>>> print(open('model_22.txt').read())   # compact mmCIF, C-alpha atoms and all ligand atoms
# COMPACT_ATOMS: atom_id res chain seq x y z
CA MET A 1 24.51 45.71 143.49
CA ILE A 2 25.74 42.22 144.13
CA GLU A 3 28.18 43.58 146.72
CA LYS A 4 25.29 45.25 148.54
CA LEU A 5 23.38 42.00 148.44
CA LYS A 6 26.31 40.05 149.86
CA LYS A 7 26.59 42.60 152.65
CA LEU A 8 22.89 42.38 153.38
CA ALA A 9 22.90 38.58 153.34
CA LYS A 10 25.86 38.57 155.72
CA GLU A 11 24.00 40.89 158.08
CA TYR A 12 21.02 38.56 158.06
CA LEU A 13 23.27 35.63 158.96
CA VAL A 14 25.33 37.41 161.61
CA SER A 15 22.36 38.96 163.37
CA GLY A 16 20.67 35.56 163.52
CA LYS A 17 17.66 36.84 161.61
CA VAL A 18 18.08 33.71 159.52
CA GLU A 19 20.25 30.66 160.12
CA VAL A 20 21.03 29.87 156.51
CA ILE A 21 20.69 31.62 153.17
CA PHE A 22 19.43 29.90 150.05
CA GLY A 23 20.61 31.42 146.82
CA LEU A 24 22.79 30.98 143.77
CA ARG A 25 26.48 30.27 144.17
CA GLU A 26 29.22 30.62 141.62
CA LYS A 27 31.83 27.91 141.82
CA ASP A 28 34.42 27.01 139.17
CA ASN A 29 32.53 29.21 136.71
CA HIS A 30 29.26 27.37 137.24
CA LEU A 31 26.14 28.63 138.91
CA ALA A 32 24.00 26.43 141.10
CA PRO A 33 21.60 26.80 144.00
CA HIS A 34 23.32 26.56 147.33
CA ILE A 35 22.53 26.70 151.01
CA PHE A 36 24.97 29.16 152.53
CA THR A 37 25.71 28.48 156.17
CA LYS A 38 28.85 30.57 156.76
CA VAL A 39 29.46 34.25 156.29
CA GLU A 40 32.66 33.74 154.23
CA GLU A 41 30.80 31.51 151.81
CA LEU A 42 28.58 34.40 150.84
CA ASP A 43 31.43 35.91 148.82
CA SER A 44 30.46 33.50 146.05
CA LEU A 45 26.78 34.55 146.10
CA VAL A 46 25.35 35.65 142.75
CA VAL A 47 21.97 36.54 141.23
CA SER A 48 21.19 35.81 137.62
CA PRO A 49 18.05 36.13 135.55
CA GLN A 50 19.25 33.15 133.55
CA TYR A 51 19.21 30.71 136.43
CA PRO A 52 16.02 30.05 138.32
CA LEU A 53 16.28 29.04 141.93
CA PHE A 54 13.04 27.19 142.33
CA TYR A 55 12.34 24.18 140.33
CA THR A 56 10.23 21.13 140.79
CA CYS A 57 12.51 18.27 141.78
CA ARG A 58 11.94 14.90 140.17
CA PRO A 59 10.85 12.24 140.82
CA SER A 60 9.29 13.60 144.03
CA LYS A 61 7.65 16.49 142.10
CA LYS A 62 8.28 18.64 145.12
CA ASN A 63 9.70 22.08 144.88
CA ILE A 64 13.25 22.43 146.11
CA ILE A 65 12.00 24.79 148.82
CA ARG A 66 9.67 22.08 150.03
CA LEU A 67 12.53 19.59 150.21
CA ILE A 68 14.55 22.08 152.23
CA GLU A 69 11.60 22.72 154.51
CA GLU A 70 11.19 19.00 155.08
CA LYS A 71 14.85 18.43 155.76
CA TYR A 72 15.30 21.41 158.08
CA PRO A 73 11.86 22.00 159.60
CA ASP A 74 13.08 24.24 162.43
CA ILE A 75 15.61 26.40 160.67
CA LYS A 76 14.93 29.94 159.61
CA ILE A 77 15.89 30.23 155.95
CA GLY A 78 16.62 33.42 154.08
CA VAL A 79 15.81 33.06 150.41
CA ILE A 80 17.11 35.40 147.75
CA VAL A 81 14.46 35.95 145.12
CA LYS A 82 13.86 37.89 141.95
CA GLY A 83 10.34 38.96 141.05
CA CYS A 84 9.45 35.77 139.17
CA GLU A 85 10.81 33.60 141.96
CA GLU A 86 8.77 35.42 144.55
CA ARG A 87 5.65 34.94 142.44
CA ALA A 88 6.48 31.24 142.20
CA LEU A 89 6.84 31.02 145.98
CA ILE A 90 3.56 32.82 146.58
CA GLU A 91 1.67 30.68 144.10
CA LEU A 92 3.19 27.49 145.51
CA ALA A 93 2.28 28.49 149.05
CA LYS A 94 -1.25 29.31 147.93
CA ARG A 95 -1.53 25.81 146.51
CA ASN A 96 -0.12 24.11 149.60
CA GLN A 97 3.09 23.06 147.91
CA ILE A 98 5.36 24.85 150.35
CA GLU A 99 4.87 26.20 153.85
CA MET A 100 6.78 29.49 153.96
CA LYS A 101 6.57 29.38 157.76
CA ASN A 102 10.33 29.66 158.23
CA ILE A 103 11.09 31.49 155.03
CA GLU A 104 12.39 35.02 155.08
CA ILE A 105 12.34 36.67 151.67
CA LEU A 106 15.21 38.82 150.45
CA GLY A 107 13.80 40.34 147.27
CA VAL A 108 15.94 41.76 144.49
CA ALA A 109 14.64 43.77 141.54
CA CYS A 110 15.94 43.13 138.03
CA SER A 111 17.10 45.81 135.62
CA ARG A 112 15.10 46.90 132.60
CA GLU A 113 17.60 45.14 130.29
CA GLU A 114 17.12 41.91 132.18
CA ALA A 115 13.35 42.32 132.01
CA VAL A 116 13.52 42.75 128.25
CA GLU A 117 15.71 39.67 127.94
CA CYS A 118 13.15 37.60 129.90
CA LYS A 119 10.05 39.34 128.47
CA CYS A 120 9.12 39.79 132.14
CA PRO A 121 5.99 41.81 132.94
CA ARG A 122 6.93 42.42 136.56
CA PRO A 123 10.68 42.35 137.08
CA TYR A 124 10.57 42.96 140.82
CA PRO A 125 9.31 41.31 144.00
CA ASN A 126 6.55 42.93 146.05
CA HIS A 127 9.05 44.62 148.39
CA PRO A 128 12.50 44.74 146.86
CA LEU A 129 15.30 45.21 149.36
CA LEU A 130 17.66 46.03 146.54
CA GLY A 131 17.22 47.59 143.10
CA GLU A 132 14.46 49.72 141.66
CA LYS A 133 11.05 48.68 140.40
CA VAL A 134 11.45 49.18 136.66
CA GLU A 135 8.76 48.84 134.05
CA GLY A 136 7.96 45.35 132.77
CA VAL A 137 7.56 44.08 129.24
CA PHE A 138 4.07 43.56 127.88
CA GLU A 139 4.30 43.48 124.15
CA ASP A 140 5.02 40.25 122.33
CA LYS A 141 5.79 40.30 118.64
CA ASN A 142 4.46 36.80 118.10
CA ILE A 143 1.04 37.40 119.56
CA GLU A 144 0.66 40.73 117.85
CA GLY A 145 1.37 38.96 114.60
CA LEU A 146 -1.12 36.26 115.51
CA LEU A 147 -3.98 38.41 116.70
CA ASN A 148 -4.13 40.20 113.38
CA LYS A 149 -4.39 36.93 111.50
CA GLY A 150 -7.34 34.72 110.69
CA TRP A 151 -8.03 31.34 112.25
CA SER A 152 -6.40 29.26 109.58
CA GLU A 153 -3.20 31.29 109.58
CA ARG A 154 -2.96 31.04 113.35
CA LEU A 155 -3.51 27.33 113.21
CA ALA A 156 -0.91 26.96 110.49
CA PHE A 157 1.56 28.93 112.61
CA TRP A 158 1.07 26.70 115.63
CA GLN A 159 0.98 23.52 113.62
CA SER A 160 4.37 24.35 112.19
CA GLN A 161 5.75 25.50 115.56
CA LEU A 162 4.38 22.64 117.62
CA SER A 163 5.38 20.00 115.11
CA LYS A 164 8.99 20.80 116.01
CA CYS A 165 8.31 19.37 119.47
CA ILE A 166 10.51 16.41 120.40
CA LYS A 167 8.48 15.71 123.51
CA CYS A 168 11.37 16.17 125.88
CA TYR A 169 9.05 17.52 128.58
CA GLY A 170 11.53 20.32 129.20
CA CYS A 171 8.76 22.91 129.26
CA ARG A 172 6.93 21.02 131.95
CA ASN A 173 9.98 20.11 133.97
CA ALA A 174 11.26 23.67 134.04
CA CYS A 175 7.96 25.12 135.20
CA PRO A 176 7.87 25.92 138.91
CA LEU A 177 4.09 25.54 138.87
CA CYS A 178 4.01 22.10 137.26
CA PHE A 179 3.88 19.84 140.26
CA CYS A 180 1.05 17.35 139.65
CA GLN A 181 1.90 13.82 140.71
CA ASP A 182 0.13 12.39 137.67
CA CYS A 183 0.81 14.64 134.73
CA ALA A 184 -1.84 14.51 132.02
CA MET A 185 0.88 15.06 129.41
CA GLU A 186 2.19 11.60 130.22
CA GLN A 187 -1.13 9.83 129.96
CA GLU A 188 -1.85 7.63 126.99
CA LEU A 189 -5.46 8.79 127.12
CA TRP A 190 -4.53 12.29 125.98
CA SER A 191 -1.35 11.88 124.08
CA LYS A 192 0.06 8.65 122.69
CA ILE A 193 3.22 7.48 124.35
CA GLY A 194 6.20 7.26 122.04
CA GLU A 195 4.73 9.42 119.30
CA ILE A 196 6.75 12.37 118.02
CA PRO A 197 5.63 15.03 117.48
CA PRO A 198 2.85 14.62 120.01
CA GLU A 199 -0.75 15.21 119.03
CA ILE A 200 -1.19 18.83 118.00
CA PRO A 201 -2.41 20.86 119.73
CA MET A 202 -3.54 18.48 122.50
CA PHE A 203 -0.17 17.91 124.14
CA HIS A 204 0.62 21.60 124.49
CA PHE A 205 -2.97 22.55 125.15
CA ILE A 206 -2.78 20.54 128.38
CA ARG A 207 -0.05 22.83 129.64
CA PHE A 208 -1.68 26.02 128.43
CA TYR A 209 -4.94 25.14 130.07
CA HIS A 210 -3.63 23.70 133.31
CA LEU A 211 -1.38 26.68 133.85
CA ALA A 212 -3.96 29.29 132.87
CA ASP A 213 -4.50 30.45 136.45
CA ARG A 214 -1.09 29.45 137.80
CA CYS A 215 1.44 30.72 135.28
CA ILE A 216 3.56 33.44 136.82
CA GLU A 217 5.19 34.39 133.53
CA CYS A 218 8.72 33.45 134.45
CA GLY A 219 9.40 32.25 130.92
CA GLU A 220 11.23 29.13 132.04
CA CYS A 221 9.17 26.88 129.73
CA GLU A 222 10.19 28.80 126.66
CA LYS A 223 13.81 29.07 127.76
CA ALA A 224 13.90 25.34 128.35
CA CYS A 225 12.50 24.38 124.97
CA PRO A 226 15.34 23.05 122.80
CA MET A 227 13.22 23.55 119.69
CA ASP A 228 12.61 27.26 120.28
CA ILE A 229 8.84 26.97 120.31
CA PRO A 230 7.34 30.31 121.46
CA LEU A 231 5.39 28.74 124.34
CA LEU A 232 5.35 31.92 126.38
CA THR A 233 3.36 33.71 123.71
CA ILE A 234 0.19 31.83 124.56
CA SER A 235 0.77 31.65 128.30
CA LYS A 236 1.32 35.40 128.44
CA GLN A 237 -1.86 36.05 126.53
CA VAL A 238 -3.89 33.69 128.69
CA ARG A 239 -2.56 35.34 131.82
CA LYS A 240 -3.71 38.65 130.42
CA ASP A 241 -7.16 37.16 129.78
CA VAL A 242 -7.38 35.80 133.30
CA LYS A 243 -6.61 39.27 134.55
CA GLU A 244 -9.28 40.84 132.37
CA LEU A 245 -11.92 38.22 133.10
CA PHE A 246 -11.43 37.92 136.83
CA ASN A 247 -9.21 40.80 137.82
CA TYR A 248 -6.86 38.16 139.14
CA GLU A 249 -3.13 37.78 138.88
CA SER A 250 -1.27 34.73 140.04
CA GLY A 251 1.73 35.00 142.31
CA LEU A 252 0.97 38.32 143.96
CA ASP A 253 -0.90 37.46 147.11
CA VAL A 254 -1.11 34.15 148.99
CA LYS A 255 -4.58 35.00 150.25
CA GLN A 256 -6.10 35.56 146.83
CA GLU A 257 -7.65 32.30 145.64
CA SER A 258 -7.63 31.23 142.01
CA PRO A 259 -10.74 32.09 139.98
CA LEU A 260 -10.88 28.54 138.70
CA LEU A 261 -11.15 27.19 142.23
CA THR A 262 -13.84 29.59 143.35
CA THR A 263 -17.49 30.14 142.52
CA LEU A 264 -18.94 33.04 140.57
CA ASP A 265 -20.11 34.55 143.85
CA GLU A 266 -16.65 34.41 145.36
CA MET A 267 -14.94 35.68 142.24
CA PRO A 268 -17.25 36.88 139.49
CA MET A 269 -16.42 36.80 135.84
CA LYS A 270 -16.71 39.72 133.49
CA GLU A 271 -19.93 39.22 131.54
CA GLY A 272 -20.06 38.47 127.87
CA ALA A 273 -16.93 36.38 127.98
CA ASN A 274 -18.55 33.14 126.85
CA GLU A 275 -19.66 34.44 123.49
CA MET B 1 -20.69 18.20 96.02
CA LYS B 2 -22.02 16.47 99.06
CA GLU B 3 -23.41 18.79 101.67
CA PHE B 4 -21.22 19.07 104.75
CA GLU B 5 -22.68 17.00 107.57
CA PRO B 6 -21.07 18.19 110.74
CA LYS B 7 -20.30 15.93 113.65
CA ILE B 8 -21.39 17.63 116.81
CA ILE B 9 -20.80 16.33 120.28
CA GLY B 10 -23.08 17.50 123.05
CA PHE B 11 -22.00 17.11 126.65
CA CYS B 12 -25.24 17.47 128.56
CA CYS B 13 -25.93 17.61 132.26
CA ASN B 14 -28.14 14.75 133.41
CA TRP B 15 -30.40 16.90 135.52
CA CYS B 16 -31.31 19.67 133.11
CA THR B 17 -30.14 19.76 129.56
CA TYR B 18 -30.36 16.02 129.07
CA ALA B 19 -33.89 16.06 130.42
CA GLY B 20 -34.61 19.13 128.28
CA ALA B 21 -33.41 17.18 125.24
CA ASP B 22 -35.65 14.32 126.25
CA LEU B 23 -38.60 16.67 126.44
CA ALA B 24 -37.76 18.05 123.02
CA GLY B 25 -37.80 14.48 121.73
CA VAL B 26 -41.05 13.56 123.41
CA SER B 27 -42.65 16.76 122.12
CA ARG B 28 -41.53 15.68 118.62
CA LEU B 29 -39.75 18.97 117.98
CA GLN B 30 -37.73 19.12 114.76
CA MET B 31 -34.09 18.46 115.57
CA PRO B 32 -31.04 18.27 113.34
CA PRO B 33 -29.70 14.72 113.10
CA ASP B 34 -26.03 15.65 113.46
CA PHE B 35 -26.02 15.90 117.20
CA ARG B 36 -24.46 13.15 119.35
CA MET B 37 -25.11 13.47 123.00
CA ILE B 38 -22.97 12.39 125.93
CA ARG B 39 -24.68 12.48 129.27
CA VAL B 40 -22.65 13.74 132.22
CA MET B 41 -23.73 14.14 135.83
CA CYS B 42 -23.02 17.86 135.93
CA SER B 43 -21.61 20.36 133.46
CA GLY B 44 -18.88 20.85 136.04
CA THR B 45 -17.46 17.42 135.21
CA ILE B 46 -16.59 18.48 131.68
CA ASP B 47 -12.87 18.90 131.58
CA PRO B 48 -11.72 21.21 128.75
CA LEU B 49 -9.41 18.36 127.81
CA PHE B 50 -12.55 16.41 126.78
CA VAL B 51 -13.41 19.22 124.42
CA MET B 52 -9.95 19.30 122.92
CA GLU B 53 -9.97 15.52 122.61
CA ALA B 54 -13.25 15.68 120.72
CA PHE B 55 -11.73 18.22 118.31
CA GLN B 56 -8.66 16.10 118.00
CA LYS B 57 -10.82 13.11 117.08
CA GLY B 58 -12.66 15.07 114.42
CA ALA B 59 -15.72 16.72 115.99
CA ASP B 60 -16.73 19.90 114.20
CA GLY B 61 -18.51 21.50 117.12
CA ILE B 62 -18.93 20.88 120.82
CA PHE B 63 -22.02 21.82 122.73
CA ILE B 64 -22.02 22.02 126.50
CA GLY B 65 -25.35 22.09 128.28
CA GLY B 66 -25.86 22.68 131.97
CA CYS B 67 -28.37 23.90 134.52
CA HIS B 68 -29.02 27.59 134.86
CA ILE B 69 -26.77 29.36 137.35
CA GLY B 70 -28.31 28.77 140.75
CA ASP B 71 -29.93 25.48 139.71
CA CYS B 72 -26.90 23.18 139.58
CA HIS B 73 -27.62 20.04 141.56
CA TYR B 74 -24.16 20.22 143.01
CA GLN B 75 -24.58 23.91 143.89
CA THR B 76 -21.76 25.51 141.97
CA GLY B 77 -20.59 22.96 139.37
CA ASN B 78 -21.77 25.20 136.57
CA HIS B 79 -19.98 28.22 138.02
CA ARG B 80 -16.77 26.39 137.24
CA THR B 81 -18.03 25.32 133.83
CA LYS B 82 -18.66 28.92 132.92
CA LYS B 83 -15.19 30.03 133.99
CA ARG B 84 -13.42 27.10 132.36
CA VAL B 85 -15.24 27.50 129.07
CA ALA B 86 -14.30 31.18 128.95
CA ILE B 87 -10.62 30.28 129.28
CA LEU B 88 -10.91 27.32 126.95
CA LYS B 89 -12.32 29.57 124.23
CA LYS B 90 -9.48 32.03 124.62
CA ILE B 91 -6.86 29.32 124.23
CA LEU B 92 -8.67 27.82 121.24
CA SER B 93 -8.74 31.19 119.56
CA TYR B 94 -4.97 31.68 119.96
CA LEU B 95 -4.33 28.23 118.58
CA GLY B 96 -6.45 29.07 115.55
CA ILE B 97 -9.60 27.11 116.33
CA ASP B 98 -12.65 29.31 116.01
CA PRO B 99 -14.09 29.53 119.54
CA ARG B 100 -17.63 29.56 118.11
CA ARG B 101 -17.13 25.85 117.65
CA VAL B 102 -17.76 25.55 121.38
CA ARG B 103 -21.13 26.61 122.68
CA LEU B 104 -22.19 26.75 126.30
CA GLU B 105 -25.92 26.96 127.04
CA TRP B 106 -28.02 26.67 130.15
CA VAL B 107 -31.13 24.61 129.42
CA SER B 108 -33.49 23.43 132.14
CA ALA B 109 -35.49 20.19 132.15
CA ALA B 110 -38.59 22.20 131.22
CA GLU B 111 -37.00 23.97 128.28
CA GLY B 112 -37.46 21.41 125.52
CA GLN B 113 -38.28 24.20 123.11
CA LYS B 114 -35.15 26.13 124.02
CA PHE B 115 -33.07 23.00 123.60
CA ALA B 116 -34.36 22.44 120.10
CA GLU B 117 -33.73 26.07 119.23
CA VAL B 118 -30.18 26.38 120.52
CA VAL B 119 -29.14 23.09 119.00
CA THR B 120 -30.63 23.95 115.63
CA ASP B 121 -28.92 27.29 115.75
CA PHE B 122 -25.60 25.74 116.74
CA VAL B 123 -25.74 23.14 114.00
CA ALA B 124 -26.44 25.89 111.46
CA GLU B 125 -23.50 27.87 112.80
CA ILE B 126 -21.14 24.91 112.51
CA LYS B 127 -22.35 24.32 108.97
CA ARG B 128 -21.40 27.91 108.21
CA LEU B 129 -17.98 27.49 109.83
CA GLY B 130 -17.29 24.33 107.87
CA PRO B 131 -15.32 21.26 108.89
CA ASN B 132 -12.99 21.20 111.88
CA PRO B 133 -9.62 22.38 110.56
CA LEU B 134 -7.74 19.80 112.64
CA LYS B 135 -9.46 17.11 110.62
CA ARG B 136 -7.69 17.98 107.41
CA LYS B 137 -4.70 16.17 108.76
CA PHE B 138 -6.60 12.87 108.73
CA GLU B 139 -8.17 13.37 105.35
CA ALA B 140 -5.07 14.50 103.53
S1 LIG A 301 6.09 31.02 132.16
FE1 LIG A 301 6.15 28.83 131.63
S2 LIG A 301 7.50 27.92 133.19
FE2 LIG A 301 6.89 29.94 133.99
S3 LIG A 301 5.05 29.55 135.23
FE3 LIG A 301 4.31 30.07 133.16
S4 LIG A 301 4.06 28.09 132.14
FE4 LIG A 301 5.37 27.71 133.95
S1 LIG A 302 10.31 21.85 125.81
FE1 LIG A 302 9.74 22.17 123.65
S2 LIG A 302 10.36 20.29 122.58
FE2 LIG A 302 10.36 19.81 124.79
S3 LIG A 302 8.27 18.99 125.18
FE3 LIG A 302 8.16 21.18 125.59
S4 LIG A 302 7.49 22.10 123.64
FE4 LIG A 302 8.21 20.00 123.18
S1 LIG A 303 -26.05 19.55 137.90
FE1 LIG A 303 -26.55 20.46 135.98
S2 LIG A 303 -24.84 21.81 135.74
FE2 LIG A 303 -24.39 20.93 137.69
>>> encode(input="model_22.txt", output="structure tokens")
Amino acid sequence: MIEKLKKLAKEYLVSGKVEVIFGLREKDNHLAPHIFTKVEELDSLVVSPQYPLFYTCRPSKKNIIRLIEEKYPDIKIGVIVKGCEERALIELAKRNQIEMKNIEILGVACSREEAVECKCPRPYPNHPLLGEKVEGVFEDKNIEGLLNKGWSERLAFWQSQLSKCIKCYGCRNACPLCFCQDCAMEQELWSKIGEIPPEIPMFHFIRFYHLADRCIECGECEKACPMDIPLLTISKQVRKDVKELFNYESGLDVKQESPLLTTLDEMPMKEGANE
Amino acid sequence: MKEFEPKIIGFCCNWCTYAGADLAGVSRLQMPPDFRMIRVMCSGTIDPLFVMEAFQKGADGIFIGGCHIGDCHYQTGNHRTKKRVAILKKILSYLGIDPRRVRLEWVSAAEGQKFAEVVTDFVAEIKRLGPNPLKRKFEA
């Protein structure tokens, strides 16, 4: 499939449909995002579920796509995306973090094995140019274990998990949707600076709540966590709730506004949810 | 054994619930003493982080009072409150904090009676649920 993708990317470049291609490059056995400008270069193009393309760059807290847009405002850029990356782009555009004006999406679907590896619920972009739309992964052994337990057992589970936290901020830094200039997780008001583990569950609650309507279920937070805390378990469940409550899913459509930014008239909530 | 005296924080909207509470007071309705009120300008200003912070600091229950839908003085502040509280409760439940510890009620300035009733009911509920489980950490 990668050969097909290289061919397609080359066609895009040669025909002038785009002027550069943004994707992953393999060089000296390392993968890194790269802006391909020449056809020959595209021989080193790769796609990998293990390496996300879009991250929030620090200290500017701008997405890499935004930085590219700012640097090359008049260049048409082809961007190679997997399903999760497309959802990130859509959600970022919806929240005015990127423009997308000069972005041409080249979507690639992941395989079922890759989806299982990532616990991905939607392993394909809206219109994949390559690959098949295979079924996503919805079950999560952690949450199934949790939902059948009482309050105190759940709390004990999370207290033991979250107390492993070394407060590296990896989960936040890896998240494509964490872009606030002033992050509440860094504020003394909510979580004491220099204290490890951070206040439980406040520190992690900030992320779970702030990402409730933004999380695109890419799993980067959990993959980034050096302490193997199952962060995705809660985010996945909350995303499911948001879908049930508001019939809303982040990352699918730029025009669909978040339920938390709209009124009940604009986007009603399923009744009985406050009980 | 000493009876459990819950600490309950009430975030109440200035325009309705706070006035409703005032009316309940003026009408000398019986009210449980365990209720500490924080006046806010609109229920829409209540960030779920406030609620978590209150739990973290040892509150056993958190009451949120706002204007009825349609009556918010800032038009749709309470629409957001309703949506946020729904999500907040879900997250609390996954973390193992009984979501019944958070109660959202719409109480108008004229509903002193309703205020007294819902608060009494909430206090009784929190007494049933017992102390905030996050607190054990401090007491141990
Ligand atoms: S899965 Fe984690 S990293 Fe990805 S969007 Fe959701 S919270 Fe952010
Ligand atoms: S990545 Fe893991 S250890 Fe680091 S701050 Fe997040 S939860 Fe804590
Ligand atoms: S003014 Fe009372 S809820 Fe907004």
>>> residues_around(input="model_22.txt", residues="Gly10 of chain B", least_positions_apart="5", cutoff="12 Å", atoms="only C-alpha atoms", output="PyMOL selection string")
chain B and resi 17-18+21+34-40+43+46+50-51+54+59-66+101-105+115+118-119+122-123
>>> closest_residue(input="model_22.txt", among="B:Leu23, B:Leu134, B:Ala110, B:Leu29", to="chain A", atoms="only C-alpha atoms")
B:Leu134
>>> closest_atom_pairs(input="model_22.txt", of="chain B", to="chain A", cutoff="6 Å", atoms="all atoms listed in the file", output="tab-separated table")
residue	atom	partner	partner_atom	distance
B:His79	CA	A:Thr263	CA	5.5
B:Ala86	CA	A:Asn274	CA	5.1
B:Leu95	CA	A:Leu155	CA	5.5
B:Gly96	CA	A:Leu155	CA	4.1
>>> write_last_selection(input="model_22.txt", atoms="C-alpha atoms", output="PDB file, keeping the file's coordinate frame")
ATOM      1  CA  HIS B  79     -19.980  28.220 138.020  1.00  0.00           C
ATOM      2  CA  ALA B  86     -14.300  31.180 128.950  1.00  0.00           C
ATOM      3  CA  LEU B  95      -4.330  28.230 118.580  1.00  0.00           C
ATOM      4  CA  GLY B  96      -6.450  29.070 115.550  1.00  0.00           C
TER       5      GLY B  96
END
>>> closest_atom_pairs(input="model_22.txt", of="chain A", to="ligand LIG 302 (chain A)", cutoff="6 Å", atoms="only C-alpha atoms and all ligand atoms", output="tab-separated table")
residue	atom	partner	partner_atom	distance
A:Cys165	CA	A:LIG302	FE4	3.8
A:Ile166	CA	A:LIG302	S2	4.5
A:Lys167	CA	A:LIG302	S3	3.7
A:Cys168	CA	A:LIG302	FE2	3.9
A:Tyr169	CA	A:LIG302	S3	3.8
A:Gly170	CA	A:LIG302	S1	3.9
A:Cys171	CA	A:LIG302	S1	3.9
A:Ala224	CA	A:LIG302	S1	5.6
A:Cys225	CA	A:LIG302	S1	3.5
A:Pro226	CA	A:LIG302	S2	5.7
A:Met227	CA	A:LIG302	S2	5.2
A:Ile229	CA	A:LIG302	FE1	5.9
>>> residues_near_ligand(input="model_22.txt", ligand="ligand LIG 301 (chain A)", cutoff="7 Å", atoms="all atoms listed in the file", output="MDAnalysis selection string")
chainID A and resid 171 174:178 211 214:222 232 235
>>> residues_near_ligand(input="model_22.txt", ligand="ligand LIG 303 (chain A)", cutoff="10 Å", atoms="all atoms listed in the file", output="PyMOL selection string")
chain B and resi 12-18+40-46+64-82+106-109
>>> axis_aligned_box(input="model_22.txt", around="segment 172-181 of chain A", padding_each_side="4 Å", output="AutoDock Vina command-line options")
--center_x 6.2 --center_y 19.9 --center_z 136.3 --size_x 18.2 --size_y 20.1 --size_z 16.8
>>> residues_around(input="model_22.txt", residues="Pro128 of chain A", least_positions_apart="2", cutoff="7 Å", atoms="only C-alpha atoms", output="PyMOL selection string")
chain A and resi 107-109+124-126+130-131
>>> atom_distance(input="model_22.txt", atom1="atom CA of Asn29 of chain A", atom2="atom CA of Ser111 of chain A")
22.7 Å
>>> atom_distance(input="model_22.txt", atom1="atom CA of Val134 of chain A", atom2="atom CA of Met1 of chain A")
15.1 Å
>>> atom_distance(input="model_22.txt", atom1="atom CA of Arg122 of chain A", atom2="atom CA of Lys7 of chain A")
25.4 Å
>>> closest_residue(input="model_22.txt", among="B:Ala116, B:Ile91, B:Ile97, B:Ile9", to="Gly25 of chain B", atoms="all atoms listed in the file")
B:Ala116
>>> closest_residue(input="model_22.txt", among="A:Thr56, A:Arg25, A:Tyr51, A:Thr37", to="Gln181 of chain A", atoms="all atoms listed in the file")
A:Thr56
>>> residues_around(input="model_22.txt", residues="Gly136 of chain A", least_positions_apart="2", cutoff="8 Å", atoms="only C-alpha atoms", output="ChimeraX atom specification")
/A:112,115-116,119-123,134,138
>>> closest_residue(input="model_22.txt", among="B:Glu117, B:Glu5, B:Glu125, B:Asp98", to="Pro33 of chain B", atoms="all atoms listed in the file")
B:Glu5
>>> closest_residue(input="model_22.txt", among="A:Phe22, A:Val39, A:Gln256, A:Ile2", to="Ile105 of chain A", atoms="all atoms listed in the file")
A:Phe22
>>> decode(input="model_22.txt", residues="segment 101-112 of chain A", atoms="N, CA and C atoms", output="PDB file, in the first residue's frame")
ATOM      1  N   LYS A 101      -7.173  26.294   4.626  1.00  0.00           N
ATOM      2  CA  LYS A 101      -7.490  26.926   3.339  1.00  0.00           C
ATOM      3  C   LYS A 101      -6.662  26.295   2.215  1.00  0.00           C
ATOM      4  N   ASN A 102      -5.380  26.087   2.487  1.00  0.00           N
ATOM      5  CA  ASN A 102      -4.481  25.570   1.459  1.00  0.00           C
ATOM      6  C   ASN A 102      -4.113  24.118   1.680  1.00  0.00           C
ATOM      7  N   ILE A 103      -4.918  23.445   2.473  1.00  0.00           N
ATOM      8  CA  ILE A 103      -4.601  22.053   2.798  1.00  0.00           C
ATOM      9  C   ILE A 103      -5.413  21.099   1.925  1.00  0.00           C
ATOM     10  N   GLU A 104      -4.704  20.178   1.328  1.00  0.00           N
ATOM     11  CA  GLU A 104      -5.367  19.142   0.545  1.00  0.00           C
ATOM     12  C   GLU A 104      -5.130  17.823   1.288  1.00  0.00           C
ATOM     13  N   ILE A 105      -6.210  17.147   1.638  1.00  0.00           N
ATOM     14  CA  ILE A 105      -6.060  15.938   2.449  1.00  0.00           C
ATOM     15  C   ILE A 105      -5.883  14.683   1.603  1.00  0.00           C
ATOM     16  N   LEU A 106      -4.851  13.921   1.924  1.00  0.00           N
ATOM     17  CA  LEU A 106      -4.687  12.605   1.303  1.00  0.00           C
ATOM     18  C   LEU A 106      -4.908  11.579   2.410  1.00  0.00           C
ATOM     19  N   GLY A 107      -6.109  11.018   2.459  1.00  0.00           N
ATOM     20  CA  GLY A 107      -6.477  10.148   3.573  1.00  0.00           C
ATOM     21  C   GLY A 107      -6.121   8.697   3.333  1.00  0.00           C
ATOM     22  N   VAL A 108      -5.616   8.059   4.371  1.00  0.00           N
ATOM     23  CA  VAL A 108      -5.234   6.652   4.292  1.00  0.00           C
ATOM     24  C   VAL A 108      -5.932   5.889   5.412  1.00  0.00           C
ATOM     25  N   ALA A 109      -6.548   4.768   5.080  1.00  0.00           N
ATOM     26  CA  ALA A 109      -7.213   3.961   6.111  1.00  0.00           C
ATOM     27  C   ALA A 109      -6.203   3.011   6.748  1.00  0.00           C
ATOM     28  N   CYS A 110      -6.414   2.716   8.033  1.00  0.00           N
ATOM     29  CA  CYS A 110      -5.546   1.762   8.723  1.00  0.00           C
ATOM     30  C   CYS A 110      -6.149   0.360   8.624  1.00  0.00           C
ATOM     31  N   SER A 111      -5.324  -0.637   8.930  1.00  0.00           N
ATOM     32  CA  SER A 111      -5.828  -2.013   8.886  1.00  0.00           C
ATOM     33  C   SER A 111      -6.502  -2.331  10.217  1.00  0.00           C
ATOM     34  N   ARG A 112      -7.229  -3.422  10.243  1.00  0.00           N
ATOM     35  CA  ARG A 112      -7.904  -3.847  11.462  1.00  0.00           C
ATOM     36  C   ARG A 112      -6.880  -4.107  12.586  1.00  0.00           C
TER      37      ARG A 112
END
